[in-house]
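Notes for the one structure printed next.
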2 protein chains.
Amino acid sequence: MSIGIIRVFTTDEHSIINAHGEKINEFSGINCLNKCIPDQPKGIYDDESEEIAIPKIIEVAKKFEKNKEVKGIAISCAADPALKAVRQEVSIPVVGAGSCASYMAKIFSDKIGVLTIADEVPEVMENMLGDSLVAWEKPKNIHNTADLLKDGAIEESLQSVRKLIEKGSEVIVFACTGYVTIGFSDIVEKELNIKVIDPVVAEGHALSFILRGA
Amino acid sequence: MSIGIIRVFTTDEHSIINAHGEKINEFSGINCLNKCIPDQPKGIYDDESEEIAIPKIIEVAKKFEKNKEVKGIAISCAADPALKAVRQEVSIPVVGAGSCASYMAKIFSDKIGVLTIADEVPEVMENMLGDSLVAWEKPKNIHNTADLLKDGAIEESLQSVRKLIEKGSEVIVFACTGYVTIGFSDIVEKELNIKVIDPVVAEGHALSFILRGA
């Protein structure tokens with residue numbers, strides 16, 4: 001039994017393609033297959049790039065479904081791109097990192113702080129968190145996933161989490177899976193003693209719930 | 001590491017007290033300690049019985065927290081009684097079966113059917129499910145948990161799930177943990193081929209997510 005992880009950008013670096021699946025496997029013990037969408041090296045960063053990604057995400061999902069070993073699919077992006085559309089096209093369970101992270105956070109708290117890389121919280125997360133969203137922050141000098149790899153990014157991001165805590169957040173949710181790539185949840189929990197909902201771990205854990213026994 | 005399971009009724013039958021904890025342990029591998037609230041053999045069935053239960057639930061939660069092995073608490077009832085109050089009194093993570101089941105369901109679908117034993121959906125579940133609640137049903141001749149043990153209860157309950165499916169439900173949530181006790185999720189998934197969110201399994205799985213590494 002495997003799950004299919006859809007990465008919503010394009011790369012041929014295997015270590016990057018497989019990063020989310022490896023994290024999920026480590027946490028939940030599920031075997032993961034990982035695929036990128038084609039021709040979008042910059043991923044999804046605005047409405048237009050999301051729109052052109054949708055048919056590609058559906059296509060990757062359909063390919064996963066043809067493999068009878070694949071029992072569930074995760075769209076591994078906090079904005080849940082194409083989630084509803086993919087559910088209409090395949091018959092196996094499909095989750096999005098954004099809804100997994102948001103609802104897992106709501107299970108534990110009604111005071112949730114969101115760490116973004118954009119000048120807003122992804123609309124789907126804002127809707128799902130509702131009144132439980134007490135604050136959101138974007139670290140200084142961080143504008144895209146790549147910025148998270150630069151010098152000083154971790155300290156700036158920690159500074160943002162400190163602000164979220166000051167504003168009453170009891171649980172932190174990452175609104176970008178890029179924070180997962182830099183191992184930021186472990187750093188936050190160790191440095192600031194607050195629970196973090198990692199969207200990638202959350203999507204794997206949710207699928208492991210529904211697929212147990214499949 | 002253990003989690004504390006609060007049963008919101010009174011019994012001295014160990015097999016009943018431990019039933020939820022055993023189910024969680026079987027699914028998620030977490031060690032569970034189980035405690036009942038005192039002097040409420042009929043449990044929580046209306047506003048008054050919920051109100052008198054609240055200080056008792058807090059008391060049991062505080063006892064659990066004194067045991068340093070206990071790293072999280074589940075209030076094992078679909079109505080999430082005393083959830084906010086308990087969170088104010090203890091410093092370890094606390095979840096309620098109702099919110100765990102509702103949000104886990106929302107991760108997988110926006111067409112959710114609820115199977116109750118009462119003439120309404122618990123208010124907290126109704127609020128959490130929002131627009132995703134497409135239908136709810138109460139089986140004929142079922143008015144309380146004890147009725148689920150009577151002859152014909154399983155067939156009547158299956159009939160209600162069939163109606164939920166006819167009304168467009170893609171995922172079924174139990175609004176009473178009594179359905180867990182009779183092993184009804186396995187029966188539904190086998191007979192009707194629809195995914196069931198079992199509130200007890202959901203609370204254990206949610207706690208296992210937040211406590212990994214604790």
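A note on labels: chains of the structure tokens are A, B, ... as shown, every chain counts residues from 1, and ligands are counted from 1 in their shown order.
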
- With a distance threshold of 10 Å and counting only C-alpha atoms, extract the residues of chain B near chain A and express them as a ChimeraX atom specification. /B:27-28,84,87,93-110,128,195-197,201-203,205-213

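For the residues A:Cys32, A:Ile187, A:Ala82, A:Ile24, ranking by smallest atom-to-atom distance to A:Ile52 using only C-alpha atoms places A:Ala82 first.
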
- Length of the atom CA of B:Asp46 to atom CA of B:Lys23 vector [Å]: 26.6 Å

Could you name the residues that touch A:Ile44 at 9 Å or less, counting only C-alpha atoms, but leaving out those on the same chain fewer than 2 positions away, as a short mmCIF file (atom, residue, chain, number, x, y, z; two decimals) with N, CA and C atoms, in the first residue's frame?
```cif
data_model
loop_
_atom_site.label_atom_id
_atom_site.label_comp_id
_atom_site.auth_asym_id
_atom_site.auth_seq_id
_atom_site.Cartn_x
_atom_site.Cartn_y
_atom_site.Cartn_z
N VAL A 8 3.59 20.42 -6.20
CA VAL A 8 2.99 21.34 -7.17
C VAL A 8 4.03 22.30 -7.77
N PHE A 9 5.18 21.77 -8.12
CA PHE A 9 6.18 22.54 -8.85
C PHE A 9 7.03 21.52 -9.61
N GLN A 40 6.50 23.82 -14.30
CA GLN A 40 6.26 24.94 -13.39
C GLN A 40 7.37 25.01 -12.34
N LYS A 42 8.70 27.38 -10.88
CA LYS A 42 8.45 28.31 -9.77
C LYS A 42 7.23 27.93 -8.94
N ASP A 46 0.62 32.63 -7.55
CA ASP A 46 -0.47 33.61 -7.73
C ASP A 46 -1.65 32.91 -8.42
N ASP A 47 -2.73 33.66 -8.68
CA ASP A 47 -3.93 33.03 -9.23
C ASP A 47 -3.65 32.36 -10.57
N GLU A 48 -2.87 33.07 -11.42
CA GLU A 48 -2.64 32.52 -12.75
C GLU A 48 -1.84 31.22 -12.68
N SER A 49 -0.79 31.22 -11.87
CA SER A 49 0.04 30.00 -11.79
C SER A 49 -0.76 28.87 -11.15
N GLU A 50 -1.74 29.21 -10.30
CA GLU A 50 -2.60 28.16 -9.73
C GLU A 50 -3.52 27.60 -10.81
N GLU A 51 -4.08 28.50 -11.62
CA GLU A 51 -5.03 28.06 -12.65
C GLU A 51 -4.39 27.10 -13.67
N ALA A 53 -1.92 25.28 -13.14
CA ALA A 53 -1.49 24.04 -12.46
C ALA A 53 -2.62 23.03 -12.31
N CYS A 77 0.51 20.98 -0.82
CA CYS A 77 0.64 22.43 -0.86
C CYS A 77 -0.43 23.03 0.04
N ALA A 79 -2.12 25.61 -0.05
CA ALA A 79 -3.26 26.29 -0.66
C ALA A 79 -4.31 25.31 -1.20
N PRO A 81 -4.44 23.44 -3.83
CA PRO A 81 -4.83 23.68 -5.22
C PRO A 81 -5.48 22.44 -5.84
#
```

- Message: Using DSSP assignments from the backbone, pull out every residue in stretch 10-206 of chain A that falls under helix (DSSP H, G or I) and give it to me as a PyMOL selection string.
- Response: chain A and resi 14-17+19-28+47-66+83-89+97-108+123-132+145-149+153-166+178-181+184-192+199-206
